[in-house]
Structures are given as structure tokens and as C-alpha cells.
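Trainee: My questions will all concern the structure given below.
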Amino acid sequence: MSEAPKESLEEKYPSLFDHDQFIYPVAVGPGWIPLVDALCRLLVKNTEQGASEVKALQVKEKFGKLRFYAVGCSSYHGGLIKLAEAYSAQICDVCGGAWEHGLH
């Protein structure tokens, strides 16, 4: 089972979440927090290295997959987001365990 984060993702990545357009809290199960954390870390690191600044609009579960809506994304950022969204379908959002053929 995933360990609960010591701080919220919004607190950990203020450059992504601390703006007027981010009006909903991150709404994913604890099993996806490590995945979203890794995605946020990569997005912020890329921005710190000179890429365009990404701003998250909404992060949630929809139809069994992660949805990470953002603005300011380069094609690289978009690729990272799509990869995380696709990978989320293979991870239980409750416990973080791998799904195998719809079962875990």
C-alpha cells in the first residue's frame, strides 16, 4: 500500500498548482499519488531547465484513468502527461498495486 504523502502535491509543487485557474483539489486515490508526484516532479524539473512553465488546471480520475489537465505544455510535457495517464490504467488507485487483466 502507498504511504500517505507528508505534504499535499499542491504544497510540494506550488509552481504547478498555486495560481487562480487551479480551483479543484487534486482528486485521485492514494494509490496514484506516487505516479502523480513523479509526473509533477518531471514537469517542474523540465521547467527549471528552461522549458515553458506548466500550470495544472485539474487532476482527477475519470473512467478509471488519471486525467491531468494543464496549460503551457510543450510536446514533451504533453507526452509525459499522456504516458502517466496511460500508466494509471495499470495501477489500482486505492492501493497502488498493479492490475493484471482487470484484477489485482
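Residues are referred to by chain and number: the chain letter is A, B, ... according to the order shown in the C-alpha cells, the number counts from 1 in that chain, and ligands are numbered separately from 1 in the order shown.
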Extract, using only C-alpha atoms, all DNA, RNA and protein residues at most 12 Å from A:Lys45, discarding same-chain residues fewer than 4 positions from it, and format them as a list in words.

Mentor: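 Everything that qualifies: Tyr13, Ser15, Leu16, Ala38, Leu39, Cys40, Arg41, Gln49, Gly50, Ala51, Ser52, Glu53, Val54 and His77 of chain A.
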
Trainee: Write a file of the selected residues as a compact mmCIF listing (two decimals), in the first residue's frame, keeping N, CA and C atoms.

Mentor:
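Saved the output as out31.txt:
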# COMPACT_ATOMS: atom_id res chain seq x y z
N TYR A 13 4.42 21.25 -4.98
CA TYR A 13 4.69 21.81 -6.30
C TYR A 13 3.90 23.10 -6.51
N SER A 15 4.59 25.81 -8.01
CA SER A 15 4.66 26.41 -9.35
C SER A 15 3.64 25.78 -10.30
N LEU A 16 3.22 24.56 -10.03
CA LEU A 16 2.20 23.90 -10.85
C LEU A 16 0.78 24.26 -10.42
N ALA A 38 5.52 11.77 -9.35
CA ALA A 38 6.61 11.63 -10.31
C ALA A 38 6.37 12.51 -11.54
N LEU A 39 5.13 12.55 -12.02
CA LEU A 39 4.79 13.41 -13.15
C LEU A 39 5.05 14.87 -12.81
N CYS A 40 4.58 15.32 -11.67
CA CYS A 40 4.79 16.71 -11.25
C CYS A 40 6.27 17.04 -11.15
N ARG A 41 7.04 16.13 -10.56
CA ARG A 41 8.48 16.33 -10.40
C ARG A 41 9.15 16.52 -11.77
N GLN A 49 14.70 23.77 -16.07
CA GLN A 49 15.79 23.68 -17.04
C GLN A 49 15.55 24.57 -18.26
N GLY A 50 14.53 25.42 -18.20
CA GLY A 50 14.31 26.40 -19.24
C GLY A 50 13.11 26.18 -20.13
N ALA A 51 12.36 25.12 -19.93
CA ALA A 51 11.18 24.87 -20.75
C ALA A 51 10.04 25.80 -20.32
N SER A 52 8.99 25.82 -21.11
CA SER A 52 7.83 26.65 -20.78
C SER A 52 7.24 26.21 -19.43
N GLU A 53 6.62 27.15 -18.75
CA GLU A 53 6.05 26.86 -17.43
C GLU A 53 4.67 26.24 -17.56
N VAL A 54 4.52 25.08 -16.98
CA VAL A 54 3.25 24.35 -17.00
C VAL A 54 2.42 24.75 -15.78
N HIS A 77 6.05 17.92 -22.49
CA HIS A 77 5.16 17.88 -21.33
C HIS A 77 3.92 17.05 -21.65

Trainee: If we count only C-alpha atoms, what is near A:Gly78 at a cut-off of 12 Å, once residues fewer than 5 positions away on the same chain are taken out, given as a list in words?

Mentor: Leu39, Leu42, Leu43, Ser52, Val54, Ala56, Arg67, Phe68, Tyr69, Ala70, Val71, Gly72, Cys73, Leu83, Ala84 and Glu85 of chain A

Trainee: Taking only chain A into account, list the residues labelled helix (DSSP H, G or I) by DSSP (computed from the backbone), as a ChimeraX atom specification.

Mentor: /A:9-12,14-17,30-48,75-88

Trainee: If we count only C-alpha atoms and set the cut-off at 12 Å, which residues sit around A:Ala89, ignoring sequence neighbours fewer than 4 positions away in its own chain? Please answer as a list of chain:residue names.

Mentor: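 Surrounding residues, per the criterion: A:Gly31, A:Trp32, A:Leu35, A:Glu61, A:Lys62, A:Phe63, A:Gly64, A:Lys65, A:Leu66, A:Arg67, A:Lys82, A:Leu83, A:Ala84, A:Glu85, A:Asp93, A:Gly96, A:Gly97, A:Ala98, A:Trp99, A:Glu100, A:His101, A:Gly102, A:Leu103.
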
Trainee: With N, CA, C and O atoms retained, write the just-selected residues as a PDB file, in the first residue's frame.

Mentor:
ATOM      1  N   GLY A  31      -3.353   5.387  -4.185  1.00  0.00           N
ATOM      2  CA  GLY A  31      -2.502   4.524  -4.998  1.00  0.00           C
ATOM      3  C   GLY A  31      -1.872   5.237  -6.185  1.00  0.00           C
ATOM      4  O   GLY A  31      -0.858   4.788  -6.721  1.00  0.00           O
ATOM      5  N   TRP A  32      -2.469   6.342  -6.606  1.00  0.00           N
ATOM      6  CA  TRP A  32      -1.925   7.101  -7.739  1.00  0.00           C
ATOM      7  C   TRP A  32      -1.052   8.274  -7.311  1.00  0.00           C
ATOM      8  O   TRP A  32      -0.425   8.913  -8.156  1.00  0.00           O
ATOM      9  N   LEU A  35       2.484   8.166  -8.673  1.00  0.00           N
ATOM     10  CA  LEU A  35       2.511   8.420 -10.109  1.00  0.00           C
ATOM     11  C   LEU A  35       2.367   9.911 -10.401  1.00  0.00           C
ATOM     12  O   LEU A  35       3.131  10.480 -11.187  1.00  0.00           O
ATOM     13  N   GLU A  61      -9.496  11.503 -11.415  1.00  0.00           N
ATOM     14  CA  GLU A  61      -9.764  10.201 -12.024  1.00  0.00           C
ATOM     15  C   GLU A  61     -11.019  10.341 -12.859  1.00  0.00           C
ATOM     16  O   GLU A  61     -11.994  10.962 -12.444  1.00  0.00           O
ATOM     17  N   LYS A  62     -10.981   9.781 -14.066  1.00  0.00           N
ATOM     18  CA  LYS A  62     -12.171   9.781 -14.919  1.00  0.00           C
ATOM     19  C   LYS A  62     -12.135   8.504 -15.744  1.00  0.00           C
ATOM     20  O   LYS A  62     -11.137   8.225 -16.415  1.00  0.00           O
ATOM     21  N   PHE A  63     -13.215   7.733 -15.667  1.00  0.00           N
ATOM     22  CA  PHE A  63     -13.331   6.474 -16.403  1.00  0.00           C
ATOM     23  C   PHE A  63     -12.163   5.527 -16.108  1.00  0.00           C
ATOM     24  O   PHE A  63     -11.650   4.861 -16.992  1.00  0.00           O
ATOM     25  N   GLY A  64     -11.717   5.499 -14.858  1.00  0.00           N
ATOM     26  CA  GLY A  64     -10.669   4.572 -14.437  1.00  0.00           C
ATOM     27  C   GLY A  64      -9.257   4.966 -14.795  1.00  0.00           C
ATOM     28  O   GLY A  64      -8.330   4.172 -14.623  1.00  0.00           O
ATOM     29  N   LYS A  65      -9.067   6.184 -15.286  1.00  0.00           N
ATOM     30  CA  LYS A  65      -7.735   6.664 -15.642  1.00  0.00           C
ATOM     31  C   LYS A  65      -7.478   8.035 -15.044  1.00  0.00           C
ATOM     32  O   LYS A  65      -8.404   8.793 -14.778  1.00  0.00           O
ATOM     33  N   LEU A  66      -6.211   8.330 -14.879  1.00  0.00           N
ATOM     34  CA  LEU A  66      -5.789   9.655 -14.457  1.00  0.00           C
ATOM     35  C   LEU A  66      -6.081  10.647 -15.570  1.00  0.00           C
ATOM     36  O   LEU A  66      -5.885  10.351 -16.754  1.00  0.00           O
ATOM     37  N   ARG A  67      -6.546  11.819 -15.196  1.00  0.00           N
ATOM     38  CA  ARG A  67      -6.678  12.945 -16.114  1.00  0.00           C
ATOM     39  C   ARG A  67      -5.902  14.114 -15.507  1.00  0.00           C
ATOM     40  O   ARG A  67      -6.163  14.511 -14.378  1.00  0.00           O
ATOM     41  N   LYS A  82       0.524  12.192 -21.111  1.00  0.00           N
ATOM     42  CA  LYS A  82      -0.144  11.058 -21.751  1.00  0.00           C
ATOM     43  C   LYS A  82       0.410   9.724 -21.251  1.00  0.00           C
ATOM     44  O   LYS A  82      -0.346   8.765 -21.059  1.00  0.00           O
ATOM     45  N   LEU A  83       1.714   9.665 -21.027  1.00  0.00           N
ATOM     46  CA  LEU A  83       2.323   8.445 -20.502  1.00  0.00           C
ATOM     47  C   LEU A  83       1.790   8.135 -19.101  1.00  0.00           C
ATOM     48  O   LEU A  83       1.409   7.003 -18.811  1.00  0.00           O
ATOM     49  N   ALA A  84       1.744   9.140 -18.236  1.00  0.00           N
ATOM     50  CA  ALA A  84       1.226   8.941 -16.877  1.00  0.00           C
ATOM     51  C   ALA A  84      -0.240   8.539 -16.911  1.00  0.00           C
ATOM     52  O   ALA A  84      -0.669   7.653 -16.161  1.00  0.00           O
ATOM     53  N   GLU A  85      -1.033   9.164 -17.773  1.00  0.00           N
ATOM     54  CA  GLU A  85      -2.446   8.818 -17.880  1.00  0.00           C
ATOM     55  C   GLU A  85      -2.621   7.377 -18.347  1.00  0.00           C
ATOM     56  O   GLU A  85      -3.451   6.635 -17.807  1.00  0.00           O
ATOM     57  N   ASP A  93      -5.946   2.641  -8.071  1.00  0.00           N
ATOM     58  CA  ASP A  93      -5.896   3.971  -7.457  1.00  0.00           C
ATOM     59  C   ASP A  93      -6.077   3.926  -5.946  1.00  0.00           C
ATOM     60  O   ASP A  93      -5.818   4.906  -5.263  1.00  0.00           O
ATOM     61  N   GLY A  96      -2.354   1.082  -5.107  1.00  0.00           N
ATOM     62  CA  GLY A  96      -1.131   1.248  -5.880  1.00  0.00           C
ATOM     63  C   GLY A  96      -0.613  -0.036  -6.491  1.00  0.00           C
ATOM     64  O   GLY A  96       0.418  -0.058  -7.136  1.00  0.00           O
ATOM     65  N   GLY A  97      -1.343  -1.142  -6.307  1.00  0.00           N
ATOM     66  CA  GLY A  97      -0.932  -2.421  -6.877  1.00  0.00           C
ATOM     67  C   GLY A  97      -1.179  -2.467  -8.371  1.00  0.00           C
ATOM     68  O   GLY A  97      -1.986  -1.722  -8.914  1.00  0.00           O
ATOM     69  N   ALA A  98      -0.451  -3.350  -9.032  1.00  0.00           N
ATOM     70  CA  ALA A  98      -0.585  -3.492 -10.484  1.00  0.00           C
ATOM     71  C   ALA A  98      -1.848  -4.263 -10.819  1.00  0.00           C
ATOM     72  O   ALA A  98      -2.177  -5.256 -10.158  1.00  0.00           O
ATOM     73  N   TRP A  99      -2.562  -3.820 -11.847  1.00  0.00           N
ATOM     74  CA  TRP A  99      -3.724  -4.525 -12.371  1.00  0.00           C
ATOM     75  C   TRP A  99      -3.231  -5.550 -13.377  1.00  0.00           C
ATOM     76  O   TRP A  99      -2.399  -5.246 -14.213  1.00  0.00           O
ATOM     77  N   GLU A 100      -3.756  -6.733 -13.300  1.00  0.00           N
ATOM     78  CA  GLU A 100      -3.435  -7.773 -14.278  1.00  0.00           C
ATOM     79  C   GLU A 100      -4.743  -8.286 -14.857  1.00  0.00           C
ATOM     80  O   GLU A 100      -5.519  -8.926 -14.156  1.00  0.00           O
ATOM     81  N   HIS A 101      -5.001  -7.962 -16.106  1.00  0.00           N
ATOM     82  CA  HIS A 101      -6.222  -8.381 -16.789  1.00  0.00           C
ATOM     83  C   HIS A 101      -7.468  -7.961 -16.019  1.00  0.00           C
ATOM     84  O   HIS A 101      -8.405  -8.732 -15.874  1.00  0.00           O
ATOM     85  N   GLY A 102      -7.442  -6.751 -15.497  1.00  0.00           N
ATOM     86  CA  GLY A 102      -8.613  -6.240 -14.779  1.00  0.00           C
ATOM     87  C   GLY A 102      -8.696  -6.679 -13.339  1.00  0.00           C
ATOM     88  O   GLY A 102      -9.611  -6.300 -12.626  1.00  0.00           O
ATOM     89  N   LEU A 103      -7.787  -7.510 -12.873  1.00  0.00           N
ATOM     90  CA  LEU A 103      -7.772  -7.978 -11.497  1.00  0.00           C
ATOM     91  C   LEU A 103      -6.449  -7.621 -10.858  1.00  0.00           C
ATOM     92  O   LEU A 103      -5.434  -7.518 -11.521  1.00  0.00           O
TER      93      LEU A 103
END

Trainee: In Å, with one decimal, what is the gap from atom CA of A:Gln58 to atom CA of A:Ala86?

Mentor: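 Straight-line distance from atom CA of A:Gln58 to atom CA of A:Ala86 works out to 16.8 Å.
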
Trainee: Please determine, counting only C-alpha atoms, which residue among A:Lys60, A:Ser88, A:Ser8, A:Asn46 has the shortest atom-to-atom distance to A:Tyr24.

Mentor: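 The shortest atom-to-atom distance to A:Tyr24 comes from A:Lys60.
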
Trainee: Would you mind telling me which residue in A:Gln90, A:Lys12, A:Glu7, A:Val59 lies nearest to A:Val36 when using only C-alpha atoms?

Mentor: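 Of A:Gln90, A:Lys12, A:Glu7, A:Val59, the one nearest A:Val36, counting only C-alpha atoms, is A:Val59.
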
Trainee: What are the DSSP strand (DSSP E) residues of chain A, as a list in words?

Mentor: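 After running DSSP on the backbone, chain A has strand (DSSP E) at Lys55, Ala56, Leu57, Gln58, Val59, Lys60, Glu61, Lys62, Lys65, Leu66, Arg67, Phe68, Tyr69, Ala70 and Val71 of chain A.
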
Trainee: Restricting the output to C-alpha atoms, write the selected residues as an mmCIF file, in the first residue's frame.

Mentor:
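part-v9.cif, freshly written:
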data_model
loop_
_atom_site.group_PDB
_atom_site.id
_atom_site.type_symbol
_atom_site.label_atom_id
_atom_site.label_comp_id
_atom_site.auth_asym_id
_atom_site.auth_seq_id
_atom_site.Cartn_x
_atom_site.Cartn_y
_atom_site.Cartn_z
ATOM 1 C CA LYS A 55 0.210 25.200 -14.902
ATOM 2 C CA ALA A 56 -2.118 22.415 -13.782
ATOM 3 C CA LEU A 57 -5.826 23.097 -14.197
ATOM 4 C CA GLN A 58 -7.320 19.884 -12.835
ATOM 5 C CA VAL A 59 -6.023 16.476 -11.688
ATOM 6 C CA LYS A 60 -8.603 13.736 -11.245
ATOM 7 C CA GLU A 61 -9.764 10.201 -12.024
ATOM 8 C CA LYS A 62 -12.171 9.781 -14.919
ATOM 9 C CA LYS A 65 -7.735 6.664 -15.642
ATOM 10 C CA LEU A 66 -5.789 9.655 -14.457
ATOM 11 C CA ARG A 67 -6.678 12.945 -16.114
ATOM 12 C CA PHE A 68 -4.113 15.737 -15.800
ATOM 13 C CA TYR A 69 -5.332 18.923 -17.465
ATOM 14 C CA ALA A 70 -2.747 21.687 -17.846
ATOM 15 C CA VAL A 71 -1.799 24.757 -19.866
#

Trainee: Would you mind reading off the distance between atom CA of A:Phe17 and atom CA of A:Thr47, one decimal, in Å?

Mentor: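 So the two atoms, atom CA of A:Phe17 and atom CA of A:Thr47, lie 13.8 Å apart.
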
Trainee: Pick from A:Cys95, A:Ile33, A:Val44, A:Leu80: nearest to A:Leu9, with only C-alpha atoms counted?

Mentor: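 Smallest separation from A:Leu9 among the options: A:Ile33.
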
Trainee: What is the distance between atom CA of A:Tyr76 and atom CA of A:Val94, in Å to one decimal?

Mentor: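 So the answer is 28.5 Å.
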